[in-house]
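Coordinates from input33.pdb are shown below (PDB, C-alpha atoms and all ligand atoms).
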ATOM      1  CA  MET A  23      38.367 119.713 -96.086  1.00  0.00           C
ATOM      2  CA  LYS A  24      39.129 116.026 -95.587  1.00  0.00           C
ATOM      3  CA  ASN A  25      42.639 114.606 -95.734  1.00  0.00           C
ATOM      4  CA  GLN A  26      42.154 110.974 -94.817  1.00  0.00           C
ATOM      5  CA  ALA A  27      45.078 108.670 -94.068  1.00  0.00           C
ATOM      6  CA  GLN A  28      45.762 106.133 -96.812  1.00  0.00           C
ATOM      7  CA  THR A  29      46.396 103.254 -94.446  1.00  0.00           C
ATOM      8  CA  GLU A  30      48.208  99.968 -95.173  1.00  0.00           C
ATOM      9  CA  TYR A  31      45.775  98.083 -92.930  1.00  0.00           C
ATOM     10  CA  PRO A  32      42.226  98.854 -91.788  1.00  0.00           C
ATOM     11  CA  VAL A  33      41.809 101.227 -88.821  1.00  0.00           C
ATOM     12  CA  GLN A  34      38.898 103.007 -87.180  1.00  0.00           C
ATOM     13  CA  GLU A  35      37.411 105.897 -89.152  1.00  0.00           C
ATOM     14  CA  LEU A  36      38.431 108.375 -86.421  1.00  0.00           C
ATOM     15  CA  ILE A  37      42.093 107.501 -86.942  1.00  0.00           C
ATOM     16  CA  ARG A  38      41.772 107.921 -90.703  1.00  0.00           C
ATOM     17  CA  GLU A  39      39.974 111.250 -90.362  1.00  0.00           C
ATOM     18  CA  ARG A  40      42.344 112.969 -87.917  1.00  0.00           C
ATOM     19  CA  TRP A  41      44.904 115.269 -89.442  1.00  0.00           C
ATOM     20  CA  SER A  42      46.594 118.603 -88.688  1.00  0.00           C
ATOM     21  CA  PRO A  43      45.118 121.373 -90.830  1.00  0.00           C
ATOM     22  CA  ARG A  44      46.337 124.976 -90.923  1.00  0.00           C
ATOM     23  CA  ALA A  45      43.175 126.499 -92.458  1.00  0.00           C
ATOM     24  CA  TRP A  46      40.434 127.223 -89.918  1.00  0.00           C
ATOM     25  CA  SER A  47      36.793 128.184 -90.033  1.00  0.00           C
ATOM     26  CA  GLU A  48      35.841 131.230 -87.937  1.00  0.00           C
ATOM     27  CA  GLN A  49      33.253 129.114 -86.113  1.00  0.00           C
ATOM     28  CA  ALA A  50      33.795 129.299 -82.358  1.00  0.00           C
ATOM     29  CA  VAL A  51      34.099 126.161 -80.231  1.00  0.00           C
ATOM     30  CA  SER A  52      31.357 126.194 -77.605  1.00  0.00           C
ATOM     31  CA  PRO A  53      32.179 125.939 -73.888  1.00  0.00           C
ATOM     32  CA  GLU A  54      30.145 122.715 -73.818  1.00  0.00           C
ATOM     33  CA  ILE A  55      32.377 121.115 -76.454  1.00  0.00           C
ATOM     34  CA  LEU A  56      35.540 122.430 -74.811  1.00  0.00           C
ATOM     35  CA  ARG A  57      34.426 120.784 -71.566  1.00  0.00           C
ATOM     36  CA  SER A  58      34.023 117.452 -73.367  1.00  0.00           C
ATOM     37  CA  LEU A  59      37.442 117.740 -75.026  1.00  0.00           C
ATOM     38  CA  PHE A  60      39.204 118.309 -71.713  1.00  0.00           C
ATOM     39  CA  GLU A  61      37.067 115.588 -70.105  1.00  0.00           C
ATOM     40  CA  ALA A  62      38.506 113.224 -72.735  1.00  0.00           C
ATOM     41  CA  ALA A  63      42.020 114.396 -71.829  1.00  0.00           C
ATOM     42  CA  ARG A  64      41.217 113.871 -68.158  1.00  0.00           C
ATOM     43  CA  TRP A  65      40.544 110.171 -68.639  1.00  0.00           C
ATOM     44  CA  ALA A  66      43.869 109.408 -70.309  1.00  0.00           C
ATOM     45  CA  PRO A  67      46.019 106.760 -68.618  1.00  0.00           C
ATOM     46  CA  SER A  68      49.132 107.967 -66.786  1.00  0.00           C
ATOM     47  CA  SER A  69      52.028 106.503 -64.836  1.00  0.00           C
ATOM     48  CA  ASN A  70      50.845 105.974 -61.254  1.00  0.00           C
ATOM     49  CA  ASN A  71      47.651 107.835 -62.211  1.00  0.00           C
ATOM     50  CA  GLU A  72      49.671 111.017 -61.616  1.00  0.00           C
ATOM     51  CA  GLN A  73      47.813 112.952 -64.346  1.00  0.00           C
ATOM     52  CA  PRO A  74      50.837 115.239 -64.720  1.00  0.00           C
ATOM     53  CA  TRP A  75      49.198 117.561 -67.240  1.00  0.00           C
ATOM     54  CA  ALA A  76      47.674 121.036 -67.221  1.00  0.00           C
ATOM     55  CA  PHE A  77      46.363 123.176 -70.066  1.00  0.00           C
ATOM     56  CA  VAL A  78      46.302 126.951 -70.552  1.00  0.00           C
ATOM     57  CA  VAL A  79      43.389 127.648 -72.900  1.00  0.00           C
ATOM     58  CA  GLY A  80      42.705 130.841 -74.818  1.00  0.00           C
ATOM     59  CA  THR A  81      39.546 131.220 -76.898  1.00  0.00           C
ATOM     60  CA  LYS A  82      39.155 134.100 -79.362  1.00  0.00           C
ATOM     61  CA  GLU A  83      36.543 135.593 -77.001  1.00  0.00           C
ATOM     62  CA  ASP A  84      39.193 135.684 -74.256  1.00  0.00           C
ATOM     63  CA  SER A  85      41.464 137.887 -76.314  1.00  0.00           C
ATOM     64  CA  GLU A  86      43.944 138.415 -73.475  1.00  0.00           C
ATOM     65  CA  THR A  87      44.800 134.704 -73.030  1.00  0.00           C
ATOM     66  CA  PHE A  88      44.549 134.060 -76.769  1.00  0.00           C
ATOM     67  CA  GLY A  89      46.972 136.902 -77.493  1.00  0.00           C
ATOM     68  CA  LYS A  90      49.427 135.759 -74.842  1.00  0.00           C
ATOM     69  CA  ILE A  91      49.509 132.201 -76.232  1.00  0.00           C
ATOM     70  CA  LEU A  92      49.825 133.517 -79.788  1.00  0.00           C
ATOM     71  CA  GLY A  93      52.792 135.606 -78.622  1.00  0.00           C
ATOM     72  CA  THR A  94      54.663 132.458 -77.531  1.00  0.00           C
ATOM     73  CA  LEU A  95      54.439 130.859 -81.001  1.00  0.00           C
ATOM     74  CA  VAL A  96      57.188 131.103 -83.606  1.00  0.00           C
ATOM     75  CA  GLU A  97      56.291 133.379 -86.511  1.00  0.00           C
ATOM     76  CA  PHE A  98      55.607 130.503 -88.926  1.00  0.00           C
ATOM     77  CA  ASN A  99      52.977 129.104 -86.566  1.00  0.00           C
ATOM     78  CA  GLN A 100      51.520 132.513 -85.664  1.00  0.00           C
ATOM     79  CA  ASN A 101      50.737 133.113 -89.344  1.00  0.00           C
ATOM     80  CA  TRP A 102      48.161 130.337 -89.489  1.00  0.00           C
ATOM     81  CA  ALA A 103      47.335 129.656 -85.820  1.00  0.00           C
ATOM     82  CA  LYS A 104      46.009 133.219 -85.334  1.00  0.00           C
ATOM     83  CA  HIS A 105      42.945 132.217 -87.387  1.00  0.00           C
ATOM     84  CA  ALA A 106      42.027 129.258 -85.143  1.00  0.00           C
ATOM     85  CA  PRO A 107      39.301 129.886 -82.542  1.00  0.00           C
ATOM     86  CA  VAL A 108      41.181 128.197 -79.672  1.00  0.00           C
ATOM     87  CA  LEU A 109      44.861 128.107 -78.684  1.00  0.00           C
ATOM     88  CA  VAL A 110      46.206 125.858 -75.935  1.00  0.00           C
ATOM     89  CA  ILE A 111      49.516 125.247 -74.183  1.00  0.00           C
ATOM     90  CA  ALA A 112      50.047 121.784 -72.689  1.00  0.00           C
ATOM     91  CA  VAL A 113      52.130 121.785 -69.517  1.00  0.00           C
ATOM     92  CA  SER A 114      53.657 118.847 -67.600  1.00  0.00           C
ATOM     93  CA  GLU A 115      54.561 118.483 -63.939  1.00  0.00           C
ATOM     94  CA  LEU A 116      58.093 117.080 -63.912  1.00  0.00           C
ATOM     95  CA  ALA A 117      58.102 115.368 -60.490  1.00  0.00           C
ATOM     96  CA  PHE A 118      55.657 113.100 -58.657  1.00  0.00           C
ATOM     97  CA  ALA A 119      53.570 115.202 -56.270  1.00  0.00           C
ATOM     98  CA  ARG A 120      53.781 112.587 -53.483  1.00  0.00           C
ATOM     99  CA  ASN A 121      57.593 112.264 -53.210  1.00  0.00           C
ATOM    100  CA  GLY A 122      59.250 114.778 -55.539  1.00  0.00           C
ATOM    101  CA  ASN A 123      60.977 112.049 -57.576  1.00  0.00           C
ATOM    102  CA  LEU A 124      61.439 112.682 -61.278  1.00  0.00           C
ATOM    103  CA  ASN A 125      58.446 111.438 -63.290  1.00  0.00           C
ATOM    104  CA  ARG A 126      60.184 110.248 -66.436  1.00  0.00           C
ATOM    105  CA  ASN A 127      56.835 109.606 -68.112  1.00  0.00           C
ATOM    106  CA  ALA A 128      55.348 113.057 -67.542  1.00  0.00           C
ATOM    107  CA  PHE A 129      55.762 114.153 -71.184  1.00  0.00           C
ATOM    108  CA  TYR A 130      54.570 110.778 -72.428  1.00  0.00           C
ATOM    109  CA  ASP A 131      51.428 110.994 -70.296  1.00  0.00           C
ATOM    110  CA  THR A 132      50.724 114.580 -71.349  1.00  0.00           C
ATOM    111  CA  GLY A 133      50.969 113.453 -74.974  1.00  0.00           C
ATOM    112  CA  ALA A 134      48.484 110.665 -74.245  1.00  0.00           C
ATOM    113  CA  ALA A 135      46.060 113.202 -72.764  1.00  0.00           C
ATOM    114  CA  VAL A 136      46.364 115.417 -75.860  1.00  0.00           C
ATOM    115  CA  SER A 137      45.851 112.340 -78.029  1.00  0.00           C
ATOM    116  CA  GLN A 138      42.588 111.517 -76.231  1.00  0.00           C
ATOM    117  CA  LEU A 139      41.466 115.128 -76.557  1.00  0.00           C
ATOM    118  CA  THR A 140      42.271 114.922 -80.261  1.00  0.00           C
ATOM    119  CA  THR A 141      40.219 111.768 -80.755  1.00  0.00           C
ATOM    120  CA  GLU A 142      37.235 113.331 -78.979  1.00  0.00           C
ATOM    121  CA  ALA A 143      37.668 116.435 -81.151  1.00  0.00           C
ATOM    122  CA  THR A 144      37.776 114.367 -84.356  1.00  0.00           C
ATOM    123  CA  ALA A 145      34.565 112.568 -83.383  1.00  0.00           C
ATOM    124  CA  ARG A 146      32.903 115.997 -83.084  1.00  0.00           C
ATOM    125  CA  GLY A 147      34.098 117.310 -86.455  1.00  0.00           C
ATOM    126  CA  LEU A 148      36.886 119.386 -84.903  1.00  0.00           C
ATOM    127  CA  PHE A 149      40.620 119.265 -85.587  1.00  0.00           C
ATOM    128  CA  VAL A 150      43.713 119.775 -83.462  1.00  0.00           C
ATOM    129  CA  HIS A 151      47.106 120.955 -84.721  1.00  0.00           C
ATOM    130  CA  GLN A 152      49.971 120.520 -82.292  1.00  0.00           C
ATOM    131  CA  MET A 153      53.031 122.780 -82.317  1.00  0.00           C
ATOM    132  CA  ALA A 154      56.541 122.361 -80.960  1.00  0.00           C
ATOM    133  CA  GLY A 155      57.284 125.755 -82.491  1.00  0.00           C
ATOM    134  CA  PHE A 156      56.737 127.965 -79.469  1.00  0.00           C
ATOM    135  CA  ASP A 157      58.895 129.459 -76.731  1.00  0.00           C
ATOM    136  CA  PRO A 158      58.395 127.676 -73.379  1.00  0.00           C
ATOM    137  CA  ARG A 159      60.176 130.489 -71.510  1.00  0.00           C
ATOM    138  CA  LYS A 160      57.745 133.060 -72.901  1.00  0.00           C
ATOM    139  CA  ALA A 161      54.860 130.809 -71.816  1.00  0.00           C
ATOM    140  CA  ILE A 162      56.265 130.507 -68.283  1.00  0.00           C
ATOM    141  CA  GLU A 163      56.551 134.295 -68.069  1.00  0.00           C
ATOM    142  CA  ALA A 164      53.209 135.110 -69.679  1.00  0.00           C
ATOM    143  CA  PHE A 165      51.235 132.780 -67.397  1.00  0.00           C
ATOM    144  CA  GLN A 166      53.473 132.657 -64.313  1.00  0.00           C
ATOM    145  CA  ILE A 167      53.626 128.885 -64.704  1.00  0.00           C
ATOM    146  CA  ALA A 168      54.552 127.278 -61.375  1.00  0.00           C
ATOM    147  CA  ASN A 169      58.041 125.945 -60.636  1.00  0.00           C
ATOM    148  CA  GLY A 170      58.351 122.286 -61.530  1.00  0.00           C
ATOM    149  CA  TRP A 171      55.936 122.575 -64.447  1.00  0.00           C
ATOM    150  CA  GLU A 172      57.191 122.683 -68.042  1.00  0.00           C
ATOM    151  CA  PRO A 173      55.309 123.876 -71.141  1.00  0.00           C
ATOM    152  CA  ILE A 174      55.563 120.982 -73.621  1.00  0.00           C
ATOM    153  CA  ALA A 175      53.658 121.954 -76.740  1.00  0.00           C
ATOM    154  CA  ALA A 176      51.036 124.342 -78.018  1.00  0.00           C
ATOM    155  CA  PHE A 177      48.020 123.372 -80.098  1.00  0.00           C
ATOM    156  CA  THR A 178      45.076 124.833 -81.948  1.00  0.00           C
ATOM    157  CA  ILE A 179      41.517 123.498 -81.835  1.00  0.00           C
ATOM    158  CA  GLY A 180      38.869 124.399 -84.386  1.00  0.00           C
ATOM    159  CA  TYR A 181      36.651 123.493 -87.316  1.00  0.00           C
ATOM    160  CA  PRO A 182      38.308 122.991 -90.706  1.00  0.00           C
ATOM    161  CA  GLY A 183      38.512 125.977 -93.050  1.00  0.00           C
ATOM    162  CA  ASP A 184      39.095 126.587 -96.742  1.00  0.00           C
ATOM    163  CA  PRO A 185      42.661 125.742 -97.862  1.00  0.00           C
ATOM    164  CA  GLN A 186      42.316 128.507-100.460  1.00  0.00           C
ATOM    165  CA  SER A 187      42.415 130.981 -97.558  1.00  0.00           C
ATOM    166  CA  LEU A 188      46.073 130.065 -96.930  1.00  0.00           C
ATOM    167  CA  PRO A 189      49.063 131.769 -98.565  1.00  0.00           C
ATOM    168  CA  GLN A 190      50.705 129.712-101.343  1.00  0.00           C
ATOM    169  CA  PRO A 191      53.386 127.633 -99.543  1.00  0.00           C
ATOM    170  CA  LEU A 192      50.989 126.690 -96.747  1.00  0.00           C
ATOM    171  CA  ARG A 193      48.226 125.893 -99.243  1.00  0.00           C
ATOM    172  CA  ASP A 194      50.520 123.422-101.010  1.00  0.00           C
ATOM    173  CA  ARG A 195      51.366 121.738 -97.714  1.00  0.00           C
ATOM    174  CA  GLU A 196      47.669 121.599 -96.814  1.00  0.00           C
ATOM    175  CA  LEU A 197      46.796 119.804-100.033  1.00  0.00           C
ATOM    176  CA  ALA A 198      49.840 117.491-100.171  1.00  0.00           C
ATOM    177  CA  PRO A 199      49.297 113.773 -99.545  1.00  0.00           C
ATOM    178  CA  ARG A 200      50.041 112.693 -95.984  1.00  0.00           C
ATOM    179  CA  LYS A 201      52.985 110.323 -95.616  1.00  0.00           C
ATOM    180  CA  ARG A 202      54.136 107.774 -93.073  1.00  0.00           C
ATOM    181  CA  LYS A 203      57.006 105.311 -92.624  1.00  0.00           C
ATOM    182  CA  PRO A 204      56.053 101.700 -93.411  1.00  0.00           C
ATOM    183  CA  ILE A 205      55.076  99.640 -90.354  1.00  0.00           C
ATOM    184  CA  ALA A 206      57.923  97.190 -91.079  1.00  0.00           C
ATOM    185  CA  GLU A 207      60.389  99.982 -90.264  1.00  0.00           C
ATOM    186  CA  PHE A 208      59.282 100.522 -86.675  1.00  0.00           C
ATOM    187  CA  VAL A 209      57.539  97.349 -85.450  1.00  0.00           C
ATOM    188  CA  MET A 210      60.221  94.847 -84.428  1.00  0.00           C
ATOM    189  CA  SER A 211      60.693  91.556 -82.687  1.00  0.00           C
ATOM    190  CA  GLY A 212      63.597  89.204 -81.980  1.00  0.00           C
ATOM    191  CA  SER A 213      66.247  91.901 -82.031  1.00  0.00           C
ATOM    192  CA  TRP A 214      66.519  95.579 -82.861  1.00  0.00           C
ATOM    193  CA  GLY A 215      66.013  96.339 -86.521  1.00  0.00           C
ATOM    194  CA  HIS A 216      64.188  93.075 -87.339  1.00  0.00           C
ATOM    195  CA  SER A 217      60.600  93.617 -88.449  1.00  0.00           C
ATOM    196  CA  ALA A 218      58.003  91.684 -86.477  1.00  0.00           C
ATOM    197  CA  GLY A 219      56.886  88.513 -88.231  1.00  0.00           C
ATOM    198  CA  PHE A 220      53.242  89.587 -88.500  1.00  0.00           C
ATOM    199  CA  VAL A 221      54.183  92.632 -90.587  1.00  0.00           C
ATOM    200  CA  LYS A 222      54.397  92.146 -94.347  1.00  0.00           C
ATOM    201  CA  LYS A 223      57.736  93.246 -95.833  1.00  0.00           C
TER     202      LYS A 223
HETATM  203  C1  LIG B   1      54.587 117.444 -80.896  1.00  0.00           C
HETATM  204  C2  LIG B   1      54.248 118.000 -82.266  1.00  0.00           C
HETATM  205  C3  LIG B   1      54.807 119.198 -82.681  1.00  0.00           C
HETATM  206  C4  LIG B   1      54.455 119.769 -83.901  1.00  0.00           C
HETATM  207  N1  LIG B   1      54.924 121.008 -84.229  1.00  0.00           N
HETATM  208  C5  LIG B   1      54.434 121.655 -85.305  1.00  0.00           C
HETATM  209  C6  LIG B   1      54.743 123.030 -85.528  1.00  0.00           C
HETATM  210  O1  LIG B   1      55.435 123.680 -84.738  1.00  0.00           O
HETATM  211  N2  LIG B   1      54.214 123.621 -86.639  1.00  0.00           N
HETATM  212  C7  LIG B   1      53.406 122.952 -87.509  1.00  0.00           C
HETATM  213  O2  LIG B   1      52.959 123.573 -88.486  1.00  0.00           O
HETATM  214  N3  LIG B   1      53.074 121.633 -87.316  1.00  0.00           N
HETATM  215  C8  LIG B   1      53.567 120.986 -86.235  1.00  0.00           C
HETATM  216  N4  LIG B   1      53.192 119.682 -85.971  1.00  0.00           N
HETATM  217  C9  LIG B   1      52.316 118.956 -86.907  1.00  0.00           C
HETATM  218  C10 LIG B   1      53.071 117.868 -87.633  1.00  0.00           C
HETATM  219  O3  LIG B   1      53.869 118.448 -88.659  1.00  0.00           O
HETATM  220  C11 LIG B   1      52.059 116.845 -88.200  1.00  0.00           C
HETATM  221  O4  LIG B   1      51.416 116.202 -87.133  1.00  0.00           O
HETATM  222  C12 LIG B   1      52.757 115.806 -89.081  1.00  0.00           C
HETATM  223  O5  LIG B   1      53.287 116.404 -90.246  1.00  0.00           O
HETATM  224  C13 LIG B   1      51.803 114.705 -89.502  1.00  0.00           C
HETATM  225  O6  LIG B   1      50.696 115.256 -90.164  1.00  0.00           O
HETATM  226  P1  LIG B   1      49.201 114.909 -89.693  1.00  0.00           P
HETATM  227  O7  LIG B   1      49.080 115.320 -88.241  1.00  0.00           O
HETATM  228  O8  LIG B   1      48.301 115.738 -90.585  1.00  0.00           O
HETATM  229  O9  LIG B   1      48.984 113.438 -89.855  1.00  0.00           O
HETATM  230  C14 LIG B   1      53.561 119.085 -84.774  1.00  0.00           C
HETATM  231  C15 LIG B   1      53.011 117.864 -84.355  1.00  0.00           C
HETATM  232  C16 LIG B   1      53.339 117.331 -83.115  1.00  0.00           C
HETATM  233  C17 LIG B   1      52.686 116.040 -82.676  1.00  0.00           C
END

Let's see the structure in the file written out as structure tokens.
Ligand SMILES: Cc1cc2nc3c(=O)[nH]c(=O)nc-3n(C[C@H](O)[C@H](O)[C@H](O)COP(=O)(O)O)c2cc1C
Amino acid sequence: MKNQAQTEYPVQELIRERWSPRAWSEQAVSPEILRSLFEAARWAPSSNNEQPWAFVVGTKEDSETFGKILGTLVEFNQNWAKHAPVLVIAVSELAFARNGNLNRNAFYDTGAAVSQLTTEATARGLFVHQMAGFDPRKAIEAFQIANGWEPIAAFTIGYPGDPQSLPQPLRDRELAPRKRKPIAEFVMSGSWGHSAGFVKK
């Protein structure tokens, strides 16, 4: 199913096509494609080129890792994410490896890496659905995540499925139009709260 963004201004097709479905096809994601997705993440920019990200990946075939990641998700997310072929937890290193100072951009950089992975996925007909609804402490325990590393978000990767396969409330959300704030609300210049001049009011 497609759920293209109705944009105010023209953007690349990949940006229009990306969205966060909850219905998944059973089709597995091949190791070859997974390698390309994480290669895309690898080439994200990061503060000081620290690359402060790591990913714990569970495919359906690796039922042990998949089950452990699923067990960290809140029940709402488990209900739909269990049907995706791949579950991932994104983890950030909180301090710079070279001097131990706090890396205040670690989360930002990890998000950029997931964004690049998502764009690569979209180009290949795959979708990514990120989730804040998981328990980082359970993830630390389940995977013995090293000190100084923090689980940031979970996400699913897979091919789109049939929205009719979802239970009613989720089906409605799947089919609802996607919404965004107007650009004028968040692109500013001059002083805070003043829309940038190039944005139409
Ligand atoms: C960091 C982050 C956390 C999210 N957490 C959840 C979540 O726990 N459960 C869920 O169903 N969707 C979650 N989402 C998906 C958002 O609801 C979704 O991206 C947003 O509604 C915009 O829809 P779109 O991605 O289809 O454009 C999350 C997205 C992000 C980026």

Handout entry: Selection as an MDAnalysis selection string: residues within 12 Å of (39.8, 116.2, -89.4), counting only C-alpha atoms
Key = chainID A and resid 23:27 35:46 140:151 179:183

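Straight-line separation from CA of Gln190 in chain A to CA of Glu83 in chain A: 28.8 Å.
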
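Residue nearest Asn125 in chain A, chosen from A:Ala161, A:Trp75, A:Trp102, A:Ser213 and counting all atoms listed in the file: A:Trp75.
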
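Of the listed residues (A:Val136, A:Glu172, A:Val221, A:Gln166), A:Val136 comes nearest to Trp65 in chain A; the distances count all atoms listed in the file.
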
Exercise for the section: Expand the PyMOL selection byres (((chain A and resi 82) around 9) and not hetatm) into the individual residues it matches in the shown file, reporting them as a PyMOL selection string. Expected result: chain A and resi 50+80-81+83-89+106-109

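Comparing A:Gly133, A:Pro67, A:Gly170, A:Pro191 by their smallest distance to ligand LIG 1 (chain B), the closest is A:Gly133 (using all atoms listed in the file).
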
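Of the listed residues A:Met210, A:Ala176, A:Leu56, A:Val110, the one whose atoms come nearest to ligand LIG 1 (chain B) is A:Ala176, with distances taken using only C-alpha atoms and all ligand atoms.
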
Exercise for the section: Quick one: apply the PyMOL selection byres (((chain A and resi 66) around 8) and not hetatm) to the file and drop the selected residues here as a ChimeraX atom specification. Expected result: /A:62-65,67-68,73,131,134-135,138

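We find CA of Pro189 in chain A and CA of Leu59 in chain A to be spaced 29.8 Å apart.
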
Could the centre and edge lengths of an axis-aligned box, enclosing all atoms of ligand LIG 1 (chain B) in the file with 6 Å extra on each side, be given in Å to one decimal as AutoDock Vina command-line options?
--center_x 51.9 --center_y 118.6 --center_z -85.7 --size_x 19.1 --size_y 22.2 --size_z 21.7

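Atom C17 of ligand LIG 1 (chain B) is found 18.1 Å from CA of Pro74 in chain A.
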
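For the file shown, the residue list from the PyMOL selection byres (((chain A and resi 126) around 12) and not hetatm) reads Ser68, Ser69, Asn70, Glu72, Pro74, Ser114, Glu115, Leu116, Ala117, Phe118, Gly122, Asn123, Leu124, Asn125, Asn127, Ala128, Phe129, Tyr130, Asp131 and Thr132 of chain A.
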
Mind rebuilding range 198-215 of chain A with N, CA, C and O atoms and writing that out as a PDB file, in the coordinates of the input?
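And here's part-v5.pdb as it stands now:
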ATOM      1  N   ALA A 198      48.907 118.591 -99.844  1.00  0.00           N
ATOM      2  CA  ALA A 198      49.840 117.491-100.171  1.00  0.00           C
ATOM      3  C   ALA A 198      49.370 116.192 -99.513  1.00  0.00           C
ATOM      4  O   ALA A 198      48.782 116.224 -98.433  1.00  0.00           O
ATOM      5  N   PRO A 199      49.662 115.049-100.167  1.00  0.00           N
ATOM      6  CA  PRO A 199      49.297 113.773 -99.545  1.00  0.00           C
ATOM      7  C   PRO A 199      50.055 113.560 -98.243  1.00  0.00           C
ATOM      8  O   PRO A 199      51.210 113.968 -98.120  1.00  0.00           O
ATOM      9  N   ARG A 200      49.391 112.959 -97.283  1.00  0.00           N
ATOM     10  CA  ARG A 200      50.041 112.693 -95.984  1.00  0.00           C
ATOM     11  C   ARG A 200      50.881 111.422 -96.099  1.00  0.00           C
ATOM     12  O   ARG A 200      50.475 110.469 -96.726  1.00  0.00           O
ATOM     13  N   LYS A 201      52.055 111.449 -95.459  1.00  0.00           N
ATOM     14  CA  LYS A 201      52.985 110.323 -95.616  1.00  0.00           C
ATOM     15  C   LYS A 201      53.345 109.733 -94.262  1.00  0.00           C
ATOM     16  O   LYS A 201      53.370 110.445 -93.266  1.00  0.00           O
ATOM     17  N   ARG A 202      53.649 108.450 -94.274  1.00  0.00           N
ATOM     18  CA  ARG A 202      54.136 107.774 -93.073  1.00  0.00           C
ATOM     19  C   ARG A 202      55.200 106.751 -93.442  1.00  0.00           C
ATOM     20  O   ARG A 202      55.230 106.254 -94.569  1.00  0.00           O
ATOM     21  N   LYS A 203      56.063 106.422 -92.449  1.00  0.00           N
ATOM     22  CA  LYS A 203      57.006 105.311 -92.624  1.00  0.00           C
ATOM     23  C   LYS A 203      56.199 104.012 -92.718  1.00  0.00           C
ATOM     24  O   LYS A 203      55.133 103.908 -92.092  1.00  0.00           O
ATOM     25  N   PRO A 204      56.739 102.996 -93.430  1.00  0.00           N
ATOM     26  CA  PRO A 204      56.053 101.700 -93.411  1.00  0.00           C
ATOM     27  C   PRO A 204      56.135 101.055 -92.027  1.00  0.00           C
ATOM     28  O   PRO A 204      57.103 101.280 -91.294  1.00  0.00           O
ATOM     29  N   ILE A 205      55.120 100.279 -91.682  1.00  0.00           N
ATOM     30  CA  ILE A 205      55.076  99.640 -90.354  1.00  0.00           C
ATOM     31  C   ILE A 205      56.314  98.771 -90.125  1.00  0.00           C
ATOM     32  O   ILE A 205      56.853  98.710 -89.019  1.00  0.00           O
ATOM     33  N   ALA A 206      56.777  98.111 -91.199  1.00  0.00           N
ATOM     34  CA  ALA A 206      57.923  97.190 -91.079  1.00  0.00           C
ATOM     35  C   ALA A 206      59.171  97.898 -90.550  1.00  0.00           C
ATOM     36  O   ALA A 206      60.069  97.271 -89.999  1.00  0.00           O
ATOM     37  N   GLU A 207      59.209  99.235 -90.694  1.00  0.00           N
ATOM     38  CA  GLU A 207      60.389  99.982 -90.264  1.00  0.00           C
ATOM     39  C   GLU A 207      60.430 100.196 -88.749  1.00  0.00           C
ATOM     40  O   GLU A 207      61.493 100.423 -88.184  1.00  0.00           O
ATOM     41  N   PHE A 208      59.269 100.159 -88.104  1.00  0.00           N
ATOM     42  CA  PHE A 208      59.282 100.522 -86.675  1.00  0.00           C
ATOM     43  C   PHE A 208      58.595  99.509 -85.751  1.00  0.00           C
ATOM     44  O   PHE A 208      58.524  99.734 -84.542  1.00  0.00           O
ATOM     45  N   VAL A 209      58.121  98.405 -86.306  1.00  0.00           N
ATOM     46  CA  VAL A 209      57.539  97.349 -85.450  1.00  0.00           C
ATOM     47  C   VAL A 209      58.470  96.148 -85.531  1.00  0.00           C
ATOM     48  O   VAL A 209      58.626  95.553 -86.599  1.00  0.00           O
ATOM     49  N   MET A 210      59.113  95.820 -84.417  1.00  0.00           N
ATOM     50  CA  MET A 210      60.221  94.847 -84.428  1.00  0.00           C
ATOM     51  C   MET A 210      59.944  93.716 -83.457  1.00  0.00           C
ATOM     52  O   MET A 210      59.151  93.847 -82.526  1.00  0.00           O
ATOM     53  N   SER A 211      60.638  92.615 -83.690  1.00  0.00           N
ATOM     54  CA  SER A 211      60.693  91.556 -82.687  1.00  0.00           C
ATOM     55  C   SER A 211      61.994  90.788 -82.881  1.00  0.00           C
ATOM     56  O   SER A 211      62.663  90.938 -83.900  1.00  0.00           O
ATOM     57  N   GLY A 212      62.344  89.961 -81.903  1.00  0.00           N
ATOM     58  CA  GLY A 212      63.597  89.204 -81.980  1.00  0.00           C
ATOM     59  C   GLY A 212      64.757  90.063 -81.554  1.00  0.00           C
ATOM     60  O   GLY A 212      65.253  89.940 -80.446  1.00  0.00           O
ATOM     61  N   SER A 213      65.197  90.961 -82.415  1.00  0.00           N
ATOM     62  CA  SER A 213      66.247  91.901 -82.031  1.00  0.00           C
ATOM     63  C   SER A 213      66.032  93.208 -82.788  1.00  0.00           C
ATOM     64  O   SER A 213      65.298  93.246 -83.780  1.00  0.00           O
ATOM     65  N   TRP A 214      66.703  94.225 -82.317  1.00  0.00           N
ATOM     66  CA  TRP A 214      66.519  95.579 -82.861  1.00  0.00           C
ATOM     67  C   TRP A 214      66.748  95.589 -84.371  1.00  0.00           C
ATOM     68  O   TRP A 214      67.713  95.022 -84.866  1.00  0.00           O
ATOM     69  N   GLY A 215      65.838  96.203 -85.076  1.00  0.00           N
ATOM     70  CA  GLY A 215      66.013  96.339 -86.521  1.00  0.00           C
ATOM     71  C   GLY A 215      65.373  95.207 -87.314  1.00  0.00           C
ATOM     72  O   GLY A 215      65.346  95.277 -88.546  1.00  0.00           O
TER      73      GLY A 215
END
